[in-house]
Each structure stands twice: as C-alpha cells, then as structure tokens.
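Asker: What follows is upload_21.cif, mmCIF, C-alpha atoms.
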```
data_start
loop_
_atom_site.label_atom_id
_atom_site.label_comp_id
_atom_site.auth_asym_id
_atom_site.auth_seq_id
_atom_site.Cartn_x
_atom_site.Cartn_y
_atom_site.Cartn_z
CA MET A 1 0.00 0.00 0.00
CA LYS A 2 1.25 3.49 -0.87
CA ILE A 3 1.69 5.81 2.09
CA LYS A 4 -0.09 9.13 1.60
CA PRO A 5 2.13 11.92 2.97
CA LEU A 6 -0.49 14.67 3.00
CA PRO A 7 -2.85 13.42 5.76
CA ILE A 8 0.16 12.58 7.91
CA ILE A 9 1.64 16.07 7.50
CA VAL A 10 -1.73 17.72 8.17
CA THR A 11 -2.33 15.65 11.31
CA PHE A 12 1.18 16.34 12.50
CA LEU A 13 0.85 20.10 11.99
CA PHE A 14 -2.55 20.09 13.65
CA LEU A 15 -1.10 18.37 16.71
CA ILE A 16 1.79 20.84 16.91
CA PHE A 17 -0.56 23.81 16.74
CA PHE A 18 -3.00 22.22 19.16
CA PHE A 19 -0.36 21.63 21.82
CA GLY A 20 1.26 25.00 21.16
CA PHE A 21 -1.98 26.85 21.79
CA PHE A 22 -2.97 24.51 24.61
CA GLN A 23 0.25 25.35 26.44
CA GLY A 24 -0.40 29.01 25.70
CA LEU A 25 -3.69 28.81 27.60
CA LYS A 26 -1.77 28.21 30.79
CA ASN A 27 0.19 31.45 30.54
CA PRO A 28 -1.25 34.29 32.60
CA ASN A 29 -3.02 36.69 30.28
CA ILE A 30 -2.54 39.77 32.44
CA TYR A 31 0.21 41.83 30.91
CA GLU A 32 2.70 43.69 33.06
CA PRO A 33 5.21 45.99 31.45
CA ARG A 34 8.71 44.79 32.23
CA ILE A 35 11.74 46.94 32.79
CA SER A 36 15.21 46.06 31.70
CA GLN A 37 17.85 45.59 34.37
CA ASP A 38 19.23 48.81 35.83
CA GLN A 39 17.10 51.05 33.67
CA GLU A 40 17.76 54.76 34.08
CA ILE A 41 15.03 56.71 35.81
CA PRO A 42 13.08 59.11 33.60
CA PHE A 43 13.53 62.85 33.86
CA PHE A 44 10.44 64.73 34.99
CA THR A 45 9.33 67.83 36.82
CA ALA A 46 6.55 67.73 39.37
CA GLN A 47 4.94 69.95 41.92
CA LEU A 48 5.59 69.45 45.62
CA PHE A 49 2.47 68.32 47.41
CA ASN A 50 2.46 70.94 50.16
CA SER A 51 3.52 73.96 48.14
CA LYS A 52 3.44 75.24 44.60
CA THR A 53 7.18 74.72 44.12
CA GLU A 54 8.26 72.80 41.04
CA ILE A 55 10.95 70.19 41.57
CA ASN A 56 12.69 68.01 39.02
CA SER A 57 13.85 64.42 39.27
CA ASN A 58 17.54 65.34 39.45
CA GLU A 59 16.90 67.31 42.63
CA ILE A 60 14.80 64.56 44.19
CA PHE A 61 17.14 61.63 43.50
CA ALA A 62 20.40 63.52 44.01
CA GLY A 63 21.71 61.89 47.20
CA ASN A 64 23.89 58.82 47.61
CA LYS A 65 21.01 56.86 49.09
CA PHE A 66 18.37 54.37 48.15
CA TYR A 67 15.07 55.86 47.09
CA LEU A 68 11.67 54.25 47.06
CA LEU A 69 9.18 55.89 44.75
CA ASN A 70 5.67 54.93 45.73
CA ILE A 71 2.71 55.87 43.55
CA TRP A 72 -0.40 56.13 45.70
CA SER A 73 -3.77 57.74 45.95
CA SER A 74 -6.39 58.21 48.62
CA TRP A 75 -9.04 56.54 46.44
CA CYS A 76 -6.90 53.44 46.00
CA VAL A 77 -7.88 50.60 48.31
CA PRO A 78 -4.75 48.39 47.96
CA CYS A 79 -2.68 51.45 48.98
CA LYS A 80 -4.14 51.15 52.46
CA PHE A 81 -2.90 47.54 52.70
CA GLU A 82 0.67 48.49 51.89
CA HIS A 83 0.68 51.53 54.15
CA LYS A 84 1.95 49.68 57.23
CA PHE A 85 4.89 48.32 55.24
CA LEU A 86 5.79 51.81 54.06
CA ILE A 87 5.80 53.00 57.67
CA GLN A 88 8.14 50.15 58.58
CA LEU A 89 10.39 50.94 55.64
CA ASN A 90 10.51 54.57 56.68
CA LYS A 91 12.54 53.54 59.72
CA GLU A 92 15.40 52.40 57.47
CA GLN A 93 18.32 54.82 57.66
CA ASN A 94 19.59 54.83 54.07
CA LEU A 95 16.19 54.76 52.40
CA GLU A 96 14.26 57.82 51.39
CA ILE A 97 10.61 57.30 50.50
CA VAL A 98 9.22 59.51 47.75
CA GLY A 99 5.46 59.58 47.46
CA LEU A 100 3.80 60.36 44.15
CA ASN A 101 0.21 61.33 44.78
CA TYR A 102 -1.60 60.09 41.66
CA LYS A 103 -4.67 61.93 40.33
CA ASP A 104 -5.98 62.76 43.74
CA ASN A 105 -8.06 65.37 45.47
CA VAL A 106 -5.70 67.36 47.75
CA LYS A 107 -8.13 67.42 50.65
CA ASN A 108 -8.75 63.68 50.53
CA ALA A 109 -5.03 62.99 50.31
CA LYS A 110 -4.34 65.16 53.35
CA ASN A 111 -7.05 63.42 55.34
CA TYR A 112 -5.65 60.05 54.31
CA LEU A 113 -2.17 60.97 55.58
CA GLU A 114 -3.52 62.41 58.80
CA GLU A 115 -5.53 59.29 59.45
CA LEU A 116 -2.86 56.71 58.61
CA SER A 117 0.27 58.84 59.29
CA ASN A 118 2.73 60.01 56.68
CA PRO A 119 5.54 57.62 55.68
CA TYR A 120 6.88 59.85 52.90
CA ASP A 121 10.05 61.93 53.15
CA ILE A 122 9.28 63.80 49.96
CA LEU A 123 5.78 64.12 48.60
CA ILE A 124 5.05 65.22 45.05
CA SER A 125 1.75 65.38 43.27
CA ASP A 126 0.74 64.19 39.86
CA LYS A 127 -2.60 65.77 39.06
CA ASN A 128 -3.01 64.58 35.47
CA GLY A 129 -1.16 61.26 35.64
CA LEU A 130 1.60 62.27 33.23
CA THR A 131 4.48 61.71 35.68
CA ALA A 132 3.26 58.17 36.30
CA ILE A 133 3.35 57.58 32.54
CA GLU A 134 6.98 58.74 32.47
CA TRP A 135 7.68 55.87 34.85
CA GLY A 136 5.76 53.37 32.75
CA ALA A 137 3.25 52.88 35.53
CA TYR A 138 -0.34 52.06 34.68
CA GLY A 139 -2.11 51.89 37.99
CA VAL A 140 -1.86 52.44 41.70
CA PRO A 141 -0.05 51.35 43.75
CA GLU A 142 3.29 50.89 42.04
CA THR A 143 6.68 51.07 43.71
CA PHE A 144 10.19 51.57 42.36
CA LEU A 145 13.44 51.04 44.23
CA ILE A 146 16.09 53.44 42.95
CA TYR A 147 19.80 53.76 43.54
CA ASP A 148 22.21 56.00 41.66
CA LYS A 149 19.39 57.08 39.33
CA LYS A 150 18.77 53.50 38.22
CA ILE A 151 15.69 51.37 38.86
CA LEU A 152 16.70 48.29 40.83
CA LYS A 153 13.27 46.85 41.38
CA LYS A 154 9.70 47.48 40.40
CA ILE A 155 6.69 46.27 42.33
CA ILE A 156 3.32 46.33 40.61
CA GLY A 157 0.47 46.29 43.10
CA PRO A 158 0.74 46.64 46.87
CA ILE A 159 3.93 45.93 48.80
CA THR A 160 3.69 42.66 50.69
CA ASN A 161 5.64 41.35 53.64
CA ASP A 162 7.86 39.42 51.24
CA SER A 163 8.60 42.35 48.98
CA MET A 164 9.31 44.53 52.03
CA ASN A 165 11.88 42.02 53.25
CA GLU A 166 13.36 41.88 49.76
CA ILE A 167 13.75 45.66 49.75
CA LYS A 168 15.40 45.53 53.17
CA GLU A 169 17.85 42.93 51.84
CA LEU A 170 18.62 45.00 48.75
CA ILE A 171 19.39 48.20 50.66
CA LYS A 172 21.74 46.45 53.08
CA THR A 173 24.41 46.01 50.43
CA MET B 174 -12.58 96.17 -0.11
CA LYS B 175 -14.63 95.64 3.02
CA LEU B 176 -16.20 92.55 1.53
CA ASN B 177 -12.75 91.09 0.98
CA GLN B 178 -11.87 91.63 4.61
CA TYR B 179 -15.03 89.85 5.68
CA PHE B 180 -14.15 86.96 3.45
CA LEU B 181 -10.69 86.87 4.94
CA ILE B 182 -12.07 86.75 8.48
CA ILE B 183 -14.52 84.00 7.58
CA PHE B 184 -11.76 82.09 5.83
CA PHE B 185 -9.52 82.16 8.92
CA VAL B 186 -12.34 81.20 11.26
CA PHE B 187 -13.03 78.10 9.19
CA CYS B 188 -9.33 77.43 8.77
CA SER B 189 -8.68 77.18 12.51
CA ASN B 190 -11.71 74.92 12.90
CA LEU B 191 -10.35 72.60 10.26
CA THR B 192 -6.91 72.25 11.81
CA PHE B 193 -8.42 71.61 15.20
CA ALA B 194 -10.61 68.85 13.82
CA GLY B 195 -7.62 67.33 12.08
CA GLU B 196 -5.66 67.14 15.30
CA LYS B 197 -8.56 65.58 17.15
CA ASN B 198 -8.91 62.95 14.44
CA LEU B 199 -5.24 62.07 14.62
CA GLN B 200 -5.47 61.87 18.40
CA ASN B 201 -8.42 59.50 18.11
CA GLU B 202 -6.62 57.44 15.51
CA ILE B 203 -3.58 57.09 17.77
CA THR B 204 -5.57 56.27 20.90
CA LYS B 205 -7.56 53.65 18.98
CA ASN B 206 -4.29 51.87 18.25
CA LEU B 207 -3.26 51.87 21.94
CA ARG B 208 -4.23 49.07 24.27
CA CYS B 209 -5.51 50.11 27.66
CA LEU B 210 -3.37 48.15 30.09
CA ILE B 211 -5.75 47.95 33.05
CA CYS B 212 -8.93 47.33 31.10
CA GLN B 213 -7.41 44.77 28.77
CA GLY B 214 -9.42 44.08 25.65
CA GLN B 215 -10.31 47.75 25.28
CA SER B 216 -8.46 50.48 23.47
CA VAL B 217 -7.41 53.68 25.19
CA TYR B 218 -9.94 55.49 22.99
CA ASP B 219 -12.83 53.34 24.23
CA SER B 220 -11.87 53.29 27.88
CA ASP B 221 -12.66 55.86 30.52
CA SER B 222 -10.23 54.55 33.17
CA GLU B 223 -7.75 56.83 34.90
CA PHE B 224 -4.88 55.31 32.94
CA ALA B 225 -6.63 55.73 29.59
CA ASN B 226 -7.58 59.32 30.34
CA SER B 227 -3.98 60.14 31.23
CA ILE B 228 -2.75 58.57 28.00
CA LYS B 229 -5.34 60.55 26.04
CA SER B 230 -4.16 63.83 27.53
CA LEU B 231 -0.55 62.78 26.98
CA VAL B 232 -1.21 62.11 23.29
CA ALA B 233 -3.00 65.47 22.97
CA GLU B 234 -0.06 67.22 24.60
CA LYS B 235 2.53 65.44 22.47
CA LEU B 236 0.62 66.35 19.31
CA LYS B 237 0.50 69.96 20.44
CA GLU B 238 4.27 69.88 20.93
CA GLY B 239 4.52 68.76 17.31
CA ASN B 240 5.47 65.13 17.79
CA SER B 241 4.55 62.75 15.00
CA GLU B 242 2.43 59.62 15.36
CA LYS B 243 5.54 57.42 15.18
CA GLU B 244 7.36 59.40 17.86
CA ILE B 245 4.40 59.00 20.23
CA TYR B 246 4.33 55.24 19.62
CA LYS B 247 8.07 55.08 20.23
CA TYR B 248 7.73 57.03 23.47
CA LEU B 249 5.01 54.74 24.79
CA LYS B 250 6.75 51.59 23.56
CA ALA B 251 9.87 52.51 25.52
CA ARG B 252 7.77 52.66 28.68
CA TYR B 253 5.17 49.93 28.27
CA GLY B 254 6.61 47.59 25.64
CA ASP B 255 5.24 46.40 22.28
CA TRP B 256 2.04 45.21 23.92
CA ILE B 257 0.57 48.70 24.16
CA LEU B 258 0.30 48.88 20.36
CA TYR B 259 -2.57 47.04 18.68
CA ASP B 260 -0.58 47.11 15.47
CA PRO B 261 2.80 45.72 16.50
CA GLU B 262 5.82 46.66 14.43
CA PHE B 263 7.80 44.11 12.45
CA SER B 264 10.66 42.92 14.66
CA LYS B 265 12.35 39.68 15.66
CA ASN B 266 9.66 39.09 18.27
CA THR B 267 6.79 39.57 15.87
CA TYR B 268 7.98 38.16 12.53
CA PHE B 269 6.22 34.85 13.23
CA LEU B 270 3.01 36.74 13.89
CA TRP B 271 3.27 38.62 10.62
CA LEU B 272 4.43 35.73 8.46
CA LEU B 273 2.14 32.98 9.80
CA PRO B 274 -0.95 33.99 7.74
CA LEU B 275 1.20 34.13 4.63
CA LEU B 276 2.68 30.70 5.36
CA LEU B 277 -0.78 29.24 5.99
CA PHE B 278 -1.99 30.76 2.74
CA LEU B 279 0.87 29.21 0.79
CA PHE B 280 0.42 25.87 2.53
CA GLY B 281 -3.32 25.81 1.84
CA GLY B 282 -2.68 26.85 -1.74
CA ALA B 283 -0.23 23.98 -2.13
CA ILE B 284 -2.81 21.50 -0.83
CA ILE B 285 -5.49 22.74 -3.23
CA PHE B 286 -3.05 22.76 -6.12
CA LYS B 287 -2.04 19.20 -5.35
CA LEU B 288 -5.64 17.98 -5.07
CA PHE B 289 -6.46 19.48 -8.45
CA ASN B 290 -3.43 17.82 -10.01
CA ILE B 291 -4.46 14.44 -8.56
CA ARG B 292 -8.01 14.84 -9.93
CA LYS B 293 -6.69 15.72 -13.38
CA ASN B 294 -4.53 12.66 -13.49
#
```
Starting from the file, lay out its structure as structure tokens.
Answerer:
Amino acid sequence: MKIKPLPIIVTFLFLIFFFGFFQGLKNPNIYEPRISQDQEIPFFTAQLFNSKTEINSNEIFAGNKFYLLNIWSSWCVPCKFEHKFLIQLNKEQNLEIVGLNYKDNVKNAKNYLEELSNPYDILISDKNGLTAIEWGAYGVPETFLIYDKKILKKIIGPITNDSMNEIKELIKT
Amino acid sequence: MKLNQYFLIIFFVFCSNLTFAGEKNLQNEITKNLRCLICQGQSVYDSDSEFANSIKSLVAEKLKEGNSEKEIYKYLKARYGDWILYDPEFSKNTYFLWLLPLLLFLFGGAIIFKLFNIRKN
C-alpha cells in the first residue's frame, strides 16, 4: 500500500498547533510591562504636594542613598494595605521614600495621611497622571526602588511582607 | 474692499476649525491603536479609566508639541513595551506573527493545487 504523505503532515501540523496553543492557555493573560535591568530613571518635573514649588527628578534623587518611589492615591484601596509596610520601611536609615500622589483630590489625600500617618520623606503630586506615565506605571499602587538614578526593582500592586523584606535585603548592600 | 476683509475673516475662522478637527482625528486614531493596560481588551480610545484618560491627555499634549504619530508610539513603547500597540511593528519578536498567515496561505494553496493535479490525473 502506498503511504499518503499529506494526511500525515496535516495531522502532525494540527497536533503541533493544538499543543502550542494549549500550552499558551496556561500562561497568565494579564500583561505587566517589564523593565530592563538597571534602567535609568526618567527625567520629569513635578509639583511638591504641600507647596506650589516645582521640583525636578535630578533634585529629588540627588543623594547617595536608596530611594523608594511609591505611587499612591487616597481613592486606592490596595494602597491602604501596603501603608503599614511603608511606615516600617521609613525607619530604614539609608532609604528615602518619595510619594507620588496620583490623580488625587488634595483634601482627601491630606485626610488620608492624617488618618494613617505620613511615611513619605518627599511628597510630590501628579494631578493629570503624566508623571506616572513617564515611569511606565499604569495603575496604583506601584513602587520603584532606585539607587544612583537606576531602577533596581519594580513592584506592581501593593507591597507585601515578602517584597518589604526583599527591599530591606537590597538596601543592606 | 470691506467685503474682501469679511471673506478673509470667515476664511480664517473656518481654517482654525479645520486644523483643530484634524488634530482631534489624529489623536483619536492614535488612541484607537493603543491598548488600555488595566482594562485589557479595550483600546485607550474606548476606555474611561484613569490610565486611559492620562494617556489621552498625553497624546494630545505630544501632538501639540509637534510630535509625530511614530514618535508618540516610540515614546510609549519605551515605557510599556510592544504590547501597548494594537498594530505591532515588524521585529524579531513579531515576525512569526506577521508571516504565519502568509505561510498558511501558501500551505493551503499547495494543498489545493495538489488535489487538483491528482483529480486531473
């Protein structure tokens, strides 16, 4: 009997595609923008939260310290969960926490800080969300660990106990 | 003479309207090609989320500054990756995506061609 190559090839290709796509189903379909290792921080200017003074990123991240940029908002529920970790991190000596108040009402933000206490060393506001875009952030909360004007780590979503410990490990070195 | 001046005024009024509309259209066209990252499955144009609204105002601002469509895509791609574009550019990550339909077309064509040849014989 003559072997027909066509049905065999078709079946074979079908199986390859089937398993390819089947494996693909298991991948998480929530996309998170990745950053390359040691990416430079973007340059931006923003307004200080408590005054009308404009400040740029070179002035904020000038020191020889670790910086933690935390994007938060009073209307953001997960921000409340990570607040206690920020307060703990604030006790670290060589870490400066920069808060970026994202698209918030000033009065609400002030109430939020009064109620839960203020873990931020520097507080800047981002009324129209454009500074957050400079950072490639797409929601709140998002956190960046910065040293020497380079991004060492990016946390999407609230800080957890594990990520707090990881930050503490990173800033020891 | 006066009539000419009136015409001139009317001309400029309509002129500014036209350029404004053009910019708005380009802004819409760009935002329709951007994927909203928190409301996945929707474009930035369709979405009313905080992220999408920020991107919309960013695109409007960039257009005002005189950036081209490509420059805006490049700016956003650097921050959010290829995924933000609905129409991904041809690169080593996407060549399979672009060439697969063509390959399938050729493969299917070959099958049909072969079947016809067998029938003829």
Asker: I'd like the contact shell of region 12-28 of chain A - 12 Å cut-off, all atoms listed in the file, skipping same-chain residues fewer than 6 positions apart - returned as a ChimeraX atom specification.
Answerer: /A:5-6 /B:273,277,280
Asker: CA of Thr131 (chain A) and CA of Thr45 (chain A), how far apart in Å?
Answerer: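 Interatomic distance here is 7.9 Å.
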Asker: Rank A:Ser117, A:Asn128, A:Thr160, A:Ser57 by their smallest atom-to-atom distance to Phe224 (chain B), using all atoms listed in the file, and report the top residue only.
Answerer: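 Comparing A:Ser117, A:Asn128, A:Thr160, A:Ser57 against Phe224 (chain B), the winner is A:Asn128.
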Asker: List every residue of chain A that has an atom at most 7 Å from any atom of chain B, and for each one report the closest atom pair and its distance in Å to one decimal, counting all atoms listed in the file, with rows sorted by chain and then by increasing residue number, as JSON lines.
Answerer:
```
{"residue": "A:Pro33", "atom": "CA", "partner": "B:Tyr253", "partner_atom": "CA", "distance": 5.1}
{"residue": "A:Asn128", "atom": "CA", "partner": "B:Ser227", "partner_atom": "CA", "distance": 6.2}
{"residue": "A:Gly129", "atom": "CA", "partner": "B:Ser227", "partner_atom": "CA", "distance": 5.4}
{"residue": "A:Leu130", "atom": "CA", "partner": "B:Ser227", "partner_atom": "CA", "distance": 6.3}
{"residue": "A:Trp135", "atom": "CA", "partner": "B:Arg252", "partner_atom": "CA", "distance": 7.0}
{"residue": "A:Gly136", "atom": "CA", "partner": "B:Arg252", "partner_atom": "CA", "distance": 4.6}
{"residue": "A:Tyr138", "atom": "CA", "partner": "B:Phe224", "partner_atom": "CA", "distance": 5.8}
{"residue": "A:Gly139", "atom": "CA", "partner": "B:Phe224", "partner_atom": "CA", "distance": 6.7}
```
Asker: Which one is closest to Asn64 (chain A): A:Asn29, A:Asn94, A:Gln39, A:Asn111? Count all atoms listed in the file.
Answerer: A:Asn94
Asker: Mind pulling up the distance from CA of Tyr102 (chain A) to CA of Ile245 (chain B)?
Answerer: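 Calculated distance between CA of Ile245 (chain B) and CA of Tyr102 (chain A) is 22.3 Å.
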Asker: What lies within 9 Å of Ser74 (chain A) using all atoms listed in the file, ignoring chain neighbours under 2 positions off, as a ChimeraX atom specification?
Answerer: /A:72,76-77,79-80,101-102,104-105,108-113
Asker: So how far away is CA of Leu69 (chain A) from CA of Tyr218 (chain B), in Å?
Answerer: 29.0 Å
Asker: Restricting the calculation to only C-alpha atoms, which member of B:Ser220, B:Asn240, B:Asn294, B:Gln215 is positioned closest to Tyr259 (chain B)?
Answerer: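 Smallest distance to Tyr259 (chain B) is found for B:Gln215.
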Asker: Which residues, written as a ChimeraX atom specification, have at least one atom at most 12 Å from Leu170 (chain A), with all atoms listed in the file counted and residues fewer than 6 positions away on the same chain left out?
Answerer: /A:66-68,92,94-95,145-147,152-153,163-164
Asker: Please expand the PyMOL selection byres ((chain A and resi 85) around 8) into the concrete residues it hits in this file, giving the result as number ranges by chain.
Answerer: A: 82-84, 86-89, 159-161, 164
Asker: Just need the box for region 259-273 of chain B, edges along x, y and z, holding every atom the file lists for it with 4 Å tacked onto each side, so centre and edge lengths in Å to one decimal, as AutoDock Vina command-line options.
Answerer:
```
--center_x 4.9 --center_y 40.0 --center_z 13.6 --size_x 22.9 --size_y 22.1 --size_z 18.2
```
Asker: Give as a ChimeraX atom specification each residue that has an atom at most 6 Å from (0.4, 41.3, 15.6) in the file, counting all atoms listed in the file.
Answerer: /B:260-261,270
Asker: From the list A:Lys172, A:Val140, A:Lys107, A:Ser125, which residue is nearest Pro78 (chain A) when using all atoms listed in the file?
Answerer: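 Nearest to Pro78 (chain A): A:Val140.
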Asker: For this structure, which residues satisfy the selection - the PyMOL selection byres ((chain A and resi 59) around 12) - when it is evaluated on the file as given? I want them as number ranges by chain.
Answerer: A: 43-46, 48, 54-58, 60-63, 122, 149
Asker: For the structure provided, state which residues fall under the PyMOL selection byres ((chain B and resi 233) around 12), and present them as number ranges by chain.
Answerer: A: 130; B: 193, 195-204, 226-232, 234-242, 245
Asker: From the list A:Phe144, A:Tyr120, A:Trp75, A:Phe81, which residue is nearest Ala132 (chain A) when using all atoms listed in the file?
Answerer: A:Phe144
Asker: Write out N, CA and C atoms for region 105-138 of chain A, as an mmCIF file, keeping the file's coordinate frame.
Answerer:
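What landed in selection_33.cif:
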```cif
data_model
loop_
_atom_site.group_PDB
_atom_site.id
_atom_site.type_symbol
_atom_site.label_atom_id
_atom_site.label_comp_id
_atom_site.auth_asym_id
_atom_site.auth_seq_id
_atom_site.Cartn_x
_atom_site.Cartn_y
_atom_site.Cartn_z
ATOM 1 N N ASN A 105 -7.521 64.142 44.912
ATOM 2 C CA ASN A 105 -8.060 65.370 45.470
ATOM 3 C C ASN A 105 -7.177 65.732 46.677
ATOM 4 N N VAL A 106 -6.674 66.968 46.727
ATOM 5 C CA VAL A 106 -5.700 67.360 47.750
ATOM 6 C C VAL A 106 -6.247 67.154 49.153
ATOM 7 N N LYS A 107 -7.520 67.516 49.325
ATOM 8 C CA LYS A 107 -8.130 67.420 50.650
ATOM 9 C C LYS A 107 -8.215 65.957 51.115
ATOM 10 N N ASN A 108 -8.663 65.104 50.194
ATOM 11 C CA ASN A 108 -8.750 63.680 50.530
ATOM 12 C C ASN A 108 -7.384 63.099 50.867
ATOM 13 N N ALA A 109 -6.382 63.509 50.087
ATOM 14 C CA ALA A 109 -5.030 62.990 50.310
ATOM 15 C C ALA A 109 -4.517 63.412 51.674
ATOM 16 N N LYS A 110 -4.792 64.670 52.051
ATOM 17 C CA LYS A 110 -4.340 65.160 53.350
ATOM 18 C C LYS A 110 -5.023 64.409 54.489
ATOM 19 N N ASN A 111 -6.317 64.188 54.339
ATOM 20 C CA ASN A 111 -7.050 63.420 55.340
ATOM 21 C C ASN A 111 -6.494 62.006 55.489
ATOM 22 N N TYR A 112 -6.183 61.407 54.337
ATOM 23 C CA TYR A 112 -5.650 60.050 54.310
ATOM 24 C C TYR A 112 -4.341 59.972 55.092
ATOM 25 N N LEU A 113 -3.476 60.973 54.894
ATOM 26 C CA LEU A 113 -2.170 60.970 55.580
ATOM 27 C C LEU A 113 -2.320 61.265 57.071
ATOM 28 N N GLU A 114 -3.293 62.110 57.386
ATOM 29 C CA GLU A 114 -3.520 62.410 58.800
ATOM 30 C C GLU A 114 -4.030 61.171 59.523
ATOM 31 N N GLU A 115 -4.909 60.463 58.843
ATOM 32 C CA GLU A 115 -5.530 59.290 59.450
ATOM 33 C C GLU A 115 -4.535 58.148 59.637
ATOM 34 N N LEU A 116 -3.735 57.897 58.583
ATOM 35 C CA LEU A 116 -2.860 56.710 58.610
ATOM 36 C C LEU A 116 -1.403 57.048 58.882
ATOM 37 N N SER A 117 -1.093 58.310 59.114
ATOM 38 C CA SER A 117 0.270 58.840 59.290
ATOM 39 C C SER A 117 1.054 58.864 57.977
ATOM 40 N N ASN A 118 2.036 59.736 57.939
ATOM 41 C CA ASN A 118 2.730 60.010 56.680
ATOM 42 C C ASN A 118 4.089 59.318 56.631
ATOM 43 N N PRO A 119 4.254 58.310 55.768
ATOM 44 C CA PRO A 119 5.540 57.620 55.680
ATOM 45 C C PRO A 119 6.513 58.258 54.678
ATOM 46 N N TYR A 120 6.085 59.336 54.017
ATOM 47 C CA TYR A 120 6.880 59.850 52.900
ATOM 48 C C TYR A 120 7.835 60.963 53.346
ATOM 49 N N ASP A 121 9.082 60.872 52.885
ATOM 50 C CA ASP A 121 10.050 61.930 53.150
ATOM 51 C C ASP A 121 9.861 63.100 52.198
ATOM 52 N N ILE A 122 9.591 62.767 50.954
ATOM 53 C CA ILE A 122 9.280 63.800 49.960
ATOM 54 C C ILE A 122 7.934 63.429 49.349
ATOM 55 N N LEU A 123 7.092 64.404 49.161
ATOM 56 C CA LEU A 123 5.780 64.120 48.600
ATOM 57 C C LEU A 123 5.546 65.036 47.399
ATOM 58 N N ILE A 124 5.332 64.429 46.251
ATOM 59 C CA ILE A 124 5.050 65.220 45.050
ATOM 60 C C ILE A 124 3.681 64.820 44.523
ATOM 61 N N SER A 125 3.069 65.725 43.781
ATOM 62 C CA SER A 125 1.750 65.380 43.270
ATOM 63 C C SER A 125 1.749 65.294 41.760
ATOM 64 N N ASP A 126 0.880 64.446 41.284
ATOM 65 C CA ASP A 126 0.740 64.190 39.860
ATOM 66 C C ASP A 126 -0.741 64.301 39.531
ATOM 67 N N LYS A 127 -1.163 65.521 39.196
ATOM 68 C CA LYS A 127 -2.600 65.770 39.060
ATOM 69 C C LYS A 127 -3.193 65.121 37.822
ATOM 70 N N ASN A 128 -2.419 65.112 36.704
ATOM 71 C CA ASN A 128 -3.010 64.580 35.470
ATOM 72 C C ASN A 128 -2.456 63.211 35.072
ATOM 73 N N GLY A 129 -1.626 62.618 35.925
ATOM 74 C CA GLY A 129 -1.160 61.260 35.640
ATOM 75 C C GLY A 129 0.006 61.174 34.679
ATOM 76 N N LEU A 130 0.554 62.311 34.255
ATOM 77 C CA LEU A 130 1.600 62.270 33.230
ATOM 78 C C LEU A 130 2.953 61.831 33.812
ATOM 79 N N THR A 131 3.214 62.156 35.077
ATOM 80 C CA THR A 131 4.480 61.710 35.680
ATOM 81 C C THR A 131 4.494 60.198 35.825
ATOM 82 N N ALA A 132 3.347 59.625 36.174
ATOM 83 C CA ALA A 132 3.260 58.170 36.300
ATOM 84 C C ALA A 132 3.534 57.507 34.951
ATOM 85 N N ILE A 133 3.098 58.138 33.865
ATOM 86 C CA ILE A 133 3.350 57.580 32.540
ATOM 87 C C ILE A 133 4.844 57.597 32.227
ATOM 88 N N GLU A 134 5.531 58.679 32.652
ATOM 89 C CA GLU A 134 6.980 58.740 32.470
ATOM 90 C C GLU A 134 7.658 57.503 33.070
ATOM 91 N N TRP A 135 7.112 57.034 34.161
ATOM 92 C CA TRP A 135 7.680 55.870 34.850
ATOM 93 C C TRP A 135 7.189 54.554 34.270
ATOM 94 N N GLY A 136 6.304 54.607 33.308
ATOM 95 C CA GLY A 136 5.760 53.370 32.750
ATOM 96 C C GLY A 136 4.805 52.679 33.692
ATOM 97 N N ALA A 137 4.200 53.469 34.586
ATOM 98 C CA ALA A 137 3.250 52.880 35.530
ATOM 99 C C ALA A 137 1.858 52.965 34.919
ATOM 100 N N TYR A 138 1.010 52.010 35.252
ATOM 101 C CA TYR A 138 -0.340 52.060 34.680
ATOM 102 C C TYR A 138 -1.436 51.971 35.726
#
```
